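Before any comments, here is the structure.
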Amino acid sequence: NIHSINDIYLISHALLETGHGTSRLATGVEVGKDKKGNLQLVNNKNRNDLREIKKVYNMYGIRAYDGSAVESGAKYAYENNWTTPHIAIVRGAAFIGNNYIKAGQNTLYKMRWNPQGMVDSGRAVHQYATDIGWASKQLYSMYNLYNQLEDFKLTLDIPTYKK
């Protein structure tokens, strides 16, 4: 409600990105600063050399890039002080709302494929995920969640294209 984002979508998104709450980003990752101020994931070898260590969370995989998802996602969470699951959920929703929903990418399809971005720039830009199946994977979860509700209003935004 705070960020005017559909709660079923947010739940589905978090379930997908966190492996139903089991990923390292969902259960917490310790991050600290080295002597130069660079962020580092904490491990047994570097723990005593780091300062300002915090356990952080990232429930939506925000800035969790392929090949470095835990590291990049945890560093982003650290930079934004997402130090509890609740904070990560609320502030992550704000990120999605401000950077995608309010930017006109208000459906799974638009977040993943950004057709208007393609029209405006002639290339793929500002896509939420790299996984080609990201949007469709969430549909099954959303469908199952909606089936648990007795009363809801569903509005569909179906894109049309010129031939």
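Here's how to read the names in the structure tokens: chain A, B, ... by the order shown, residue numbers from 1 in each chain, ligand numbers from 1 in the order shown.
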Polymer residues at most 12 Å from Gly133 in chain A, only C-alpha atoms, same-chain spacing of 2 or more positions, as a ChimeraX atom specification: /A:16,108-109,112-113,128-131,135-140
Which of range 15-162 of chain A fall in strand (DSSP E or B), as a list in words: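 Taking range 15-162 of chain A and keeping strand (DSSP E or B) gives Val29, Glu30, Val31, Gly32, Lys33, Leu39, Gln40, Leu41, Arg51, Glu52, Ile53, Lys54, Lys55 and Val56 of chain A.
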Ser4 in chain A environment, 12 Å, only C-alpha atoms, sequence neighbours closer than 4 positions dropped, as a VMD selection string: chain A and resid 8 to 10 90 93 to 94 96 to 98 101 to 102 106
Straight-line distance linking CA of Ile2 in chain A with CA of Lys110 in chain A, stated in Å to one decimal: 21.9 Å
Å distance separating CA of Asn81 in chain A from CA of Asn58 in chain A, one decimal place: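 Value for the CA of Asn81 in chain A-CA of Asn58 in chain A distance: 10.3 Å.
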For range 42-45 of chain A: contacts at 7 Å, only C-alpha atoms, fewer than 4 positions along chain excluded, given as an MDAnalysis selection string: chainID A and resid 30:32
Filtered DSSP result for chain A, state helix (DSSP H, G or I), as a ChimeraX atom specification: /A:7-18,24-27,47-49,69-79,85-101,108-113,115-121,134-146
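Closest approach to Ile5 in chain A among A:Tyr161, A:Phe152, A:Tyr146, A:Phe95 is made by A:Phe95 (distances from only C-alpha atoms).
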Which residues of range 20-116 of chain A have any atom within 10 Å of an atom in range 11-14 of chain A when counting only C-alpha atoms, and what is the closest pair of atoms for each, with the distance in Å to one decimal? Order the rows by chain and rising number and write it as JSON lines.
{"residue": "A:His20", "atom": "CA", "partner": "A:Ala14", "partner_atom": "CA", "distance": 7.4}
{"residue": "A:Gly21", "atom": "CA", "partner": "A:Ala14", "partner_atom": "CA", "distance": 7.7}
{"residue": "A:Ala26", "atom": "CA", "partner": "A:Ala14", "partner_atom": "CA", "distance": 8.9}
{"residue": "A:Asn58", "atom": "CA", "partner": "A:Ala14", "partner_atom": "CA", "distance": 9.1}
{"residue": "A:Met59", "atom": "CA", "partner": "A:Ala14", "partner_atom": "CA", "distance": 5.4}
{"residue": "A:Tyr60", "atom": "CA", "partner": "A:Ala14", "partner_atom": "CA", "distance": 5.1}
{"residue": "A:Gly61", "atom": "CA", "partner": "A:Ala14", "partner_atom": "CA", "distance": 8.0}
{"residue": "A:Ile89", "atom": "CA", "partner": "A:Ala14", "partner_atom": "CA", "distance": 8.4}
{"residue": "A:Gly92", "atom": "CA", "partner": "A:Ala14", "partner_atom": "CA", "distance": 9.8}
{"residue": "A:Leu108", "atom": "CA", "partner": "A:His13", "partner_atom": "CA", "distance": 9.7}
